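Undergrad: Please find one structure pasted underneath; my questions will follow.
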Amino acid sequence: MKKLINSPENIVLESITGLGAAFSDLIKIHTNPIYITRADAPIKNKVALVSGGGSGHEPMHGGFVGRGMLDAACPGAVFTSPTPDQMFEATKAVNGGKGVLHIVKNYTGDVLNFEMAADLARAEGIEVEAVVIDDDVAVKDSLWTAGRRGVGATVLAEKICGAAAEAGQSLKEVAALCQKVNGSGRSMGMALTSCTVPHVGKPTFDLPDDEMEIGIGIHGEPGRSRSKLKSADEITELLLSPIIEDLPFKSGDEVLLFVNSMGGTPLLELFVVYGKAHEILTKAGIKVTRSLVGPYITSLEMAGASITLLKLDSELTKLWDAPVLTPGLRWGA
Amino acid sequence: MPRTSPKKKITNMHRGFQAVLAKKADLQKTDIGAVLKGVAMTLISTVGGASGALYGTFFLQASVSAGNRTELSPGEFGAALEKGLAGIVSRGKAAIGDKTMVDALQPAVKAYKQAIESGQTLEQALSDAVRAAEEGLKSTVPLVARKGRASYLGERSAGHPDPGATSTVLLFRSAAETLR
């Protein structure tokens, strides 16, 4: 393992400390337990948004704390859910009296720990709603499984709900909006290489030089199928087709097209994927009206990409365009 | 340190129980309910993932059952185990055959209770519990996971023991060795 680290034990704390130093105007780092809040939290009479998850997906979630997005983020160990005490302290720290929304990615650990944190917060009289994001079409959904994973739509939900909270919407309204984004967004990812969790020291899985994994999760969980490496155009088709079929997205729909790097894939390649996806959608009569391209929900240094489509209406478009000022996403502010 | 090859294992469970051990001296000054609650809160705040919430719930529910007593009869210890198991099932909503810790925990608690009810010693009952947990763990190998992160592997999860069932076996082995 070759990594730019001091020790696996301290990587999260050291990284968060650096993030806080770089963006001290926007965010504040809390270390016991570890969580990140807006520098100006709590905001009186605004619904507060709290998210969190394992580290290794940067800039998600810590990089999305700031005006127009999250009020707090709780980073866990690498690829491990944070703990309820982090979420509880973060919830208390950002509660502005109008309630707190927990945005939770659908992984068993995240869901269970956020449930415990919500119980603790409600016991102290804080109004808490939780929305679970599960947009990954690679996973078969069934009553008998943990269900679909939360991936790319999480970033979009955090941005859109953040804008709604800034605009003064109530906790119930922001939670319903979050459900709407989750219900209108679908994603799928793929990997060209594995990644190495610092405290494990070896790659999470083996992927030969001439093979790829379609339907990969953001922790390197294997996906739908493994096959010989194909061209960017073919891979884009393999990712996009199941997404379009699943919602389904139809001719005449307006969409946000989000092409995300898993961490190791450069923008040069990412825009090749974006170009092909745009072409496929245009041919299908689906109009791309908003875009996001870059590393936003990553899997350490894994090479690969994911595509997320979000069906837009005027409400979602307006909230997407609203000002945002965070370390990882900023416009109009 | 340009290259790192960690020799020390820092898995989630290891991190949690190391934190529990660090608090051992303080915890031992209190009653059994408080000891178990201390273990629960430490695991909940240090393990993370599903295991932290689930084992934390196990010890928290067991602490409610034990209350402020400073001694537990083998039967009362069994009641605490049962309450802990019920907590895990209620939080994780897993059943036998889902390829989770429940596959080892439920038979272990049942075996312990049956042994005590039929007049066996604590030592014998714990040894029965360990054997039942080990058999439960073995039964998870061919299963396809239906809960937790392993469920994303689908068919590919078959052929591997479940990590939650594995840690449950370790906990019962440790209890059997300590209470002997």
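Each chain in the structure tokens gets a letter, A, B, ..., in the order shown, and its residues are numbered from 1; ligands are numbered from 1 in order too.
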Neighbouring residues of range 201-218 of chain A were defined as those with any atom within 7 Å, considering only C-alpha atoms; residues of the same chain fewer than 3 positions away were excluded. Please report them as an mmCIF file with N, CA and C atoms, in the first residue's frame.

TA:
```cif
data_model
loop_
_atom_site.group_PDB
_atom_site.id
_atom_site.type_symbol
_atom_site.label_atom_id
_atom_site.label_comp_id
_atom_site.auth_asym_id
_atom_site.auth_seq_id
_atom_site.Cartn_x
_atom_site.Cartn_y
_atom_site.Cartn_z
ATOM 1 N N MET A 1 0.852 -1.211 0.000
ATOM 2 C CA MET A 1 0.000 0.000 0.000
ATOM 3 C C MET A 1 0.878 1.248 0.000
ATOM 4 N N ALA A 138 -28.365 -0.852 -9.530
ATOM 5 C CA ALA A 138 -27.582 -2.088 -9.671
ATOM 6 C C ALA A 138 -28.049 -3.163 -8.704
ATOM 7 N N MET A 188 -26.171 4.407 -11.310
ATOM 8 C CA MET A 188 -25.422 3.154 -11.454
ATOM 9 C C MET A 188 -23.945 3.504 -11.664
ATOM 10 N N GLY A 189 -23.078 2.666 -11.082
ATOM 11 C CA GLY A 189 -21.642 2.940 -11.157
ATOM 12 C C GLY A 189 -20.860 1.759 -11.697
ATOM 13 N N MET A 190 -19.595 2.020 -12.017
ATOM 14 C CA MET A 190 -18.712 0.956 -12.497
ATOM 15 C C MET A 190 -17.283 1.236 -12.038
ATOM 16 N N ALA A 191 -16.498 0.175 -11.959
ATOM 17 C CA ALA A 191 -15.110 0.327 -11.519
ATOM 18 C C ALA A 191 -14.138 -0.250 -12.540
ATOM 19 N N LEU A 192 -13.020 0.464 -12.712
ATOM 20 C CA LEU A 192 -11.913 -0.032 -13.540
ATOM 21 C C LEU A 192 -10.839 -0.657 -12.657
ATOM 22 N N THR A 193 -10.750 -0.133 -11.417
ATOM 23 C CA THR A 193 -9.772 -0.672 -10.459
ATOM 24 C C THR A 193 -10.431 -0.741 -9.089
ATOM 25 N N SER A 194 -9.779 -1.456 -8.183
ATOM 26 C CA SER A 194 -10.260 -1.524 -6.820
ATOM 27 C C SER A 194 -9.724 -0.322 -6.035
ATOM 28 N N CYS A 195 -9.966 -0.288 -4.738
ATOM 29 C CA CYS A 195 -9.392 0.737 -3.890
ATOM 30 C C CYS A 195 -8.864 0.057 -2.617
ATOM 31 N N THR A 196 -8.005 0.756 -1.898
ATOM 32 C CA THR A 196 -7.395 0.185 -0.705
ATOM 33 C C THR A 196 -7.807 0.977 0.523
ATOM 34 N N VAL A 197 -8.501 0.327 1.448
ATOM 35 C CA VAL A 197 -8.874 0.964 2.711
ATOM 36 C C VAL A 197 -7.606 1.060 3.555
ATOM 37 N N PRO A 198 -7.254 2.272 4.053
ATOM 38 C CA PRO A 198 -5.964 2.450 4.727
ATOM 39 C C PRO A 198 -5.664 1.419 5.821
ATOM 40 N N GLU A 221 -18.146 -2.779 -3.112
ATOM 41 C CA GLU A 221 -18.933 -4.000 -3.153
ATOM 42 C C GLU A 221 -19.124 -4.359 -4.613
ATOM 43 N N PRO A 222 -18.886 -5.622 -4.936
ATOM 44 C CA PRO A 222 -19.055 -6.011 -6.337
ATOM 45 C C PRO A 222 -20.468 -5.725 -6.821
ATOM 46 N N GLY A 223 -20.608 -5.613 -8.121
ATOM 47 C CA GLY A 223 -21.880 -5.174 -8.667
ATOM 48 C C GLY A 223 -22.626 -6.258 -9.401
ATOM 49 N N ARG A 224 -23.188 -5.883 -10.539
ATOM 50 C CA ARG A 224 -24.041 -6.810 -11.288
ATOM 51 C C ARG A 224 -23.231 -7.851 -12.036
ATOM 52 N N SER A 225 -22.162 -7.394 -12.682
ATOM 53 C CA SER A 225 -21.423 -8.326 -13.520
ATOM 54 C C SER A 225 -20.002 -7.856 -13.733
ATOM 55 N N ARG A 226 -19.153 -8.802 -14.018
ATOM 56 C CA ARG A 226 -17.768 -8.491 -14.341
ATOM 57 C C ARG A 226 -17.550 -8.910 -15.785
ATOM 58 N N SER A 227 -16.868 -8.073 -16.543
ATOM 59 C CA SER A 227 -16.668 -8.447 -17.942
ATOM 60 C C SER A 227 -15.368 -7.847 -18.450
ATOM 61 N N LYS A 228 -15.044 -8.167 -19.680
ATOM 62 C CA LYS A 228 -13.871 -7.584 -20.314
ATOM 63 C C LYS A 228 -14.084 -6.082 -20.455
ATOM 64 N N LEU A 229 -12.991 -5.357 -20.350
ATOM 65 C CA LEU A 229 -13.051 -3.907 -20.469
ATOM 66 C C LEU A 229 -13.599 -3.509 -21.846
ATOM 67 N N THR A 298 -17.113 9.721 -3.930
ATOM 68 C CA THR A 298 -15.999 8.906 -4.400
ATOM 69 C C THR A 298 -15.832 7.652 -3.555
ATOM 70 N N SER A 299 -14.909 6.831 -3.980
ATOM 71 C CA SER A 299 -14.620 5.580 -3.301
ATOM 72 C C SER A 299 -13.100 5.484 -3.215
ATOM 73 N N SER B 5 2.729 -0.422 6.191
ATOM 74 C CA SER B 5 2.165 -1.766 6.176
ATOM 75 C C SER B 5 1.707 -2.065 7.594
ATOM 76 N N PRO B 6 0.439 -1.758 7.890
ATOM 77 C CA PRO B 6 -0.023 -1.858 9.264
ATOM 78 C C PRO B 6 0.021 -3.296 9.761
#
```

Undergrad: Counting only C-alpha atoms, which residues from chain A have an atom at most 10 Å from any atom of chain B, and could you show them as a PyMOL selection string?

TA: chain A and resi 1-9+33+53-54+76-77+79-86+106-116+138-140+142-149+198-202+216-217+219+221-224

Undergrad: Name the residues in contact with range 101-103 of chain B at a cut-off of 8 Å, using only C-alpha atoms, excluding same-chain residues fewer than 4 positions from it; report them as JSON, numbers by chain.

TA: {"B": [85, 88, 89, 94, 95, 96, 97, 107, 133, 136, 137, 139, 140, 162, 163, 164, 165, 166, 167, 168]}

Undergrad: Restricting it to N, CA and C atoms, dump the selection as a short mmCIF file (atom, residue, chain, number, x, y, z; two decimals), in the first residue's frame.

TA:
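What follows is the written file result-v1.cif:
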```cif
data_model
loop_
_atom_site.label_atom_id
_atom_site.label_comp_id
_atom_site.auth_asym_id
_atom_site.auth_seq_id
_atom_site.Cartn_x
_atom_site.Cartn_y
_atom_site.Cartn_z
N LEU B 85 -30.90 -10.39 22.97
CA LEU B 85 -31.23 -10.98 21.67
C LEU B 85 -32.47 -10.30 21.08
N ILE B 88 -31.59 -6.97 19.59
CA ILE B 88 -30.91 -7.08 18.28
C ILE B 88 -31.91 -7.39 17.18
N VAL B 89 -32.83 -8.33 17.47
CA VAL B 89 -33.81 -8.71 16.45
C VAL B 89 -34.72 -7.53 16.13
N ALA B 94 -33.65 -8.94 11.61
CA ALA B 94 -33.15 -10.13 10.91
C ALA B 94 -33.75 -11.38 11.55
N ALA B 95 -33.89 -12.43 10.76
CA ALA B 95 -34.38 -13.71 11.27
C ALA B 95 -33.35 -14.78 10.93
N ILE B 96 -33.52 -15.96 11.56
CA ILE B 96 -32.65 -17.09 11.26
C ILE B 96 -32.63 -17.31 9.74
N GLY B 97 -31.43 -17.50 9.19
CA GLY B 97 -31.31 -17.80 7.76
C GLY B 97 -31.01 -16.58 6.91
N PRO B 107 -29.57 -19.44 18.48
CA PRO B 107 -29.37 -20.80 18.99
C PRO B 107 -28.52 -20.83 20.26
N ALA B 133 -23.63 -21.73 19.03
CA ALA B 133 -23.21 -20.56 18.24
C ALA B 133 -22.30 -21.00 17.10
N GLY B 136 -24.31 -22.56 14.50
CA GLY B 136 -25.03 -21.49 13.81
C GLY B 136 -24.12 -20.78 12.81
N LEU B 137 -22.89 -20.51 13.25
CA LEU B 137 -21.92 -19.86 12.35
C LEU B 137 -21.68 -20.73 11.12
N SER B 139 -23.62 -22.84 9.83
CA SER B 139 -24.81 -22.86 8.97
C SER B 139 -24.89 -21.63 8.07
N THR B 140 -24.14 -20.55 8.42
CA THR B 140 -24.21 -19.34 7.58
C THR B 140 -23.37 -19.48 6.32
N ASP B 162 -20.57 -15.74 7.93
CA ASP B 162 -21.00 -14.36 8.19
C ASP B 162 -20.15 -13.73 9.28
N PRO B 163 -19.66 -12.51 9.06
CA PRO B 163 -18.79 -11.87 10.07
C PRO B 163 -19.51 -11.57 11.39
N GLY B 164 -20.81 -11.25 11.33
CA GLY B 164 -21.56 -10.99 12.57
C GLY B 164 -21.70 -12.26 13.40
N ALA B 165 -21.97 -13.38 12.72
CA ALA B 165 -22.08 -14.66 13.43
C ALA B 165 -20.72 -15.04 14.00
N THR B 166 -19.65 -14.69 13.27
CA THR B 166 -18.29 -14.98 13.74
C THR B 166 -17.99 -14.23 15.03
N SER B 167 -18.33 -12.93 15.08
CA SER B 167 -18.04 -12.17 16.29
C SER B 167 -18.91 -12.64 17.45
N THR B 168 -20.12 -13.13 17.16
CA THR B 168 -20.97 -13.68 18.22
C THR B 168 -20.33 -14.92 18.85
#
```

Undergrad: Ranking A:Val155, A:Leu292, A:Leu70, A:Ala117 by minimum distance to His57 in chain A and counting only C-alpha atoms, which one comes first?

TA: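 The shortest atom-to-atom distance to His57 in chain A comes from A:Val155.
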
Undergrad: Identify, on the basis of only C-alpha atoms, every residue whose closest approach to range 322-327 of chain A does not exceed 9 Å; exclude the query and any residue fewer than 4 positions from it along the same chain; express the result as a list in words.

TA: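 Everything that qualifies: Leu19, Ala22, Phe23, Leu26, Ile27, Arg38, Pro59, Gly62, Gly63, Phe64, Val65, Gly66, Arg67, Gly68, Met69, Leu70, Lys159, Ile160, Gly162, Ala163, Ala164, Thr317, Lys318, Trp331, Gly332 and Ala333 of chain A.
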
Undergrad: Limited to C-alpha atoms, could you put the picked residues into a file as a compact mmCIF listing (two decimals), in the first residue's frame?

TA:
```txt
# COMPACT_ATOMS: atom_id res chain seq x y z
CA LEU A 19 -10.60 20.63 5.71
CA ALA A 22 -8.84 25.34 4.55
CA PHE A 23 -12.45 26.50 4.88
CA LEU A 26 -17.52 28.22 6.02
CA ILE A 27 -17.26 25.33 8.46
CA ARG A 38 -21.60 25.36 9.36
CA PRO A 59 -16.09 15.61 -0.76
CA GLY A 62 -18.12 17.16 4.98
CA GLY A 63 -17.44 19.11 1.80
CA PHE A 64 -21.16 19.82 1.44
CA VAL A 65 -21.56 21.64 4.75
CA GLY A 66 -22.31 25.32 4.30
CA ARG A 67 -24.93 27.81 3.22
CA GLY A 68 -27.58 26.27 0.97
CA MET A 69 -26.66 22.66 1.69
CA LEU A 70 -25.90 20.71 4.90
CA LYS A 159 -28.21 20.39 -2.48
CA ILE A 160 -31.91 20.65 -3.30
CA GLY A 162 -30.53 22.61 1.51
CA ALA A 163 -31.98 25.25 -0.79
CA ALA A 164 -35.52 24.48 0.38
CA THR A 317 -34.75 23.16 -11.08
CA LYS A 318 -35.28 26.36 -9.11
CA TRP A 331 -22.40 28.84 -7.14
CA GLY A 332 -24.50 31.98 -7.06
CA ALA A 333 -23.37 32.87 -3.55
```
